[in-house]
Every structure is written in C-alpha cells, then in structure tokens.
Amino acid sequence: MVKRAGKRQGRAKSGGEEDSGPGIVRIIAGEYRRRQLPYLGDRRTRPMKDRVRENVFNLLQQVVEGTHALDLFAGTGALGFEALSRGAVEATFGEHHAATAEQIRRNAEFLGCGDRVHVITGDSFRYFATFDKTRLPWLVFCSPPYEFYVSRAEEMRALLEGLYQRAPAGSWFAVECDQRFDPTRWTWAEWDVRRYPPAVVGIAGK
C-alpha cells in the first residue's frame, strides 16, 4: 500500500556521506532471518549498521511482538522489516525519495508481508505530525540523516514529542543520532542512551 504525503523533505544525509552504489541489508533474526534486501545505495540512504541494529533489537526484544512499527525515515526499511520479522503486526514506512520508497514496497512483496506494510512517499515531518491510526502499541524508529538534529532540530523535537504524546500506552521509541546530539535533551521522556560510535541510540518507553 503506497501513499503520497506532501513535498519531499530534502536530500542530504549527514555531512560528508558519499554515494556508495546499490547495496544489501540483511534481516538479523525472526521469521525473515538471513533474508537479504537490496537498496539503492545513494546518499539519501544511510543504513543503521548491523551491529547497532542488533543491539537495538536486543534492548527491545521483549516489546516488539504485537506492535505497529513506525520507521519514520525509512531509507532501506531495515528497521521496520526487522520489527515485522520479530513479531510486529504491521509497519508504516516514511520515505521522501520515490525510488527508495518503491524499493521498500518491492522488498515487502519479496518477503511476503506486503499486506502488513504501508509505505508513505512524502514528507515524514508532515505525515507523522498527526499520525494516530492504530490502537496497537507503537514501536517508533527514528534514524534520519544525522544533520537533521542540527539543521532541523526544532522540527525533530516537535515530531518526536508529538508522537510520544499521542502514542498508546506500552509504546517504545528508538532514536539514532551521532555525537552532535544528546537524546536526554528531550526531557519529555526518560532515555536509556547507548553509544556505538559514531552512532548514539536513545531508547524510551511510555
């Protein structure tokens, strides 16, 4: 299911990232374990490193099942697909780049979970600003271009705080940034911060 939502939200990932060519991400565990998913591999897509993703899901392993995963800045879609593999009921992916969003849709069909996947092609800031479409607990992944925490700091705060306030009880948030941002600045939640240089990951429940 593919939707469009507003204008695109900018191209750059974190400063200095280069085009890397097409690549592959691997589902680590669960129903789709070891399945490999292609991605386009340009600067719009910065996959969370496998070791970081594995550690994040180790922290969340007791709360994934039965959730609605929200992959706010999806890129490869690896976070949302990993959540589906581990027992999430459905997933919504936000991706501003049309070709990348189409690749997420193709990967969902390849995995056989297309009926549980919603791909939003457009501005994640606008779409998720009013998202409240499910009563299932949310599992929210925020892994945007690191630069957004600097150049779009207020928008990032508003987006995550708004989602946190609207999230059903039992929801969890996983936010990836780099050393330029400390998730504990967002005092509306209690963050468990882990460091996997250069990545910094904050986990918070509601």
# chains A, B, ... in the order shown; residues from 1 in each chain; ligands from 1
>>> residues_around(residues="Ser171 in chain A", least_positions_apart="5", cutoff="6 Å", atoms="only C-alpha atoms", output="mmCIF file with C-alpha atoms, in the first residue's frame")
data_model
loop_
_atom_site.group_PDB
_atom_site.id
_atom_site.type_symbol
_atom_site.label_atom_id
_atom_site.label_comp_id
_atom_site.auth_asym_id
_atom_site.auth_seq_id
_atom_site.Cartn_x
_atom_site.Cartn_y
_atom_site.Cartn_z
ATOM 1 C CA PRO A 137 1.382 -0.053 20.894
ATOM 2 C CA TRP A 138 3.859 1.704 18.618
ATOM 3 C CA LEU A 139 7.482 0.789 18.080
ATOM 4 C CA GLY A 205 9.184 3.664 26.667
ATOM 5 C CA LYS A 206 5.789 5.094 27.533
#
>>> select_by_dssp(residues="chain A", states="strand (DSSP E)", output="PyMOL selection string")
chain A and resi 2-5+23-26+36-39+68-71+90-95+117-122+138-142+172-177+192-196+199-205
>>> residues_around(residues="Ala88 in chain A", least_positions_apart="2", cutoff="8 Å", atoms="only C-alpha atoms", output="CSV table (one decimal) with C-alpha atoms, in the first residue's frame")
chain,number,residue,atom,x,y,z
A,64,VAL,CA,8.4,-5.9,19.7
A,65,GLU,CA,5.7,-8.5,19.4
A,66,GLY,CA,2.2,-7.2,18.8
A,67,THR,CA,3.3,-3.6,18.0
A,68,HIS,CA,2.8,-1.3,15.0
A,69,ALA,CA,6.3,-0.3,13.8
A,83,ALA,CA,10.4,-5.4,13.6
A,84,LEU,CA,8.0,-7.3,11.3
A,85,SER,CA,10.3,-10.3,11.3
A,86,ARG,CA,10.4,-10.3,15.1
A,90,GLU,CA,2.3,-4.1,10.8
A,91,ALA,CA,4.6,-1.4,9.8
>>> closest_residue(among="A:Thr92, A:Gly87, A:Pro197, A:Arg180", to="Gln62 in chain A", atoms="only C-alpha atoms")
A:Gly87
>>> closest_atom_pairs(of="range 38-137 of chain A", to="range 165-170 of chain A", cutoff="10 Å", atoms="only C-alpha atoms", output="tab-separated table")
residue	atom	partner	partner_atom	distance
A:Val63	CA	A:Gly170	CA	8.2
A:Thr67	CA	A:Gly170	CA	9.0
A:Ala129	CA	A:Arg166	CA	9.9
A:Thr130	CA	A:Arg166	CA	8.7
A:Phe131	CA	A:Arg166	CA	8.2
A:Asp132	CA	A:Arg166	CA	6.7
A:Thr134	CA	A:Pro168	CA	8.5
A:Arg135	CA	A:Pro168	CA	6.3
A:Leu136	CA	A:Pro168	CA	6.9
A:Pro137	CA	A:Pro168	CA	5.3
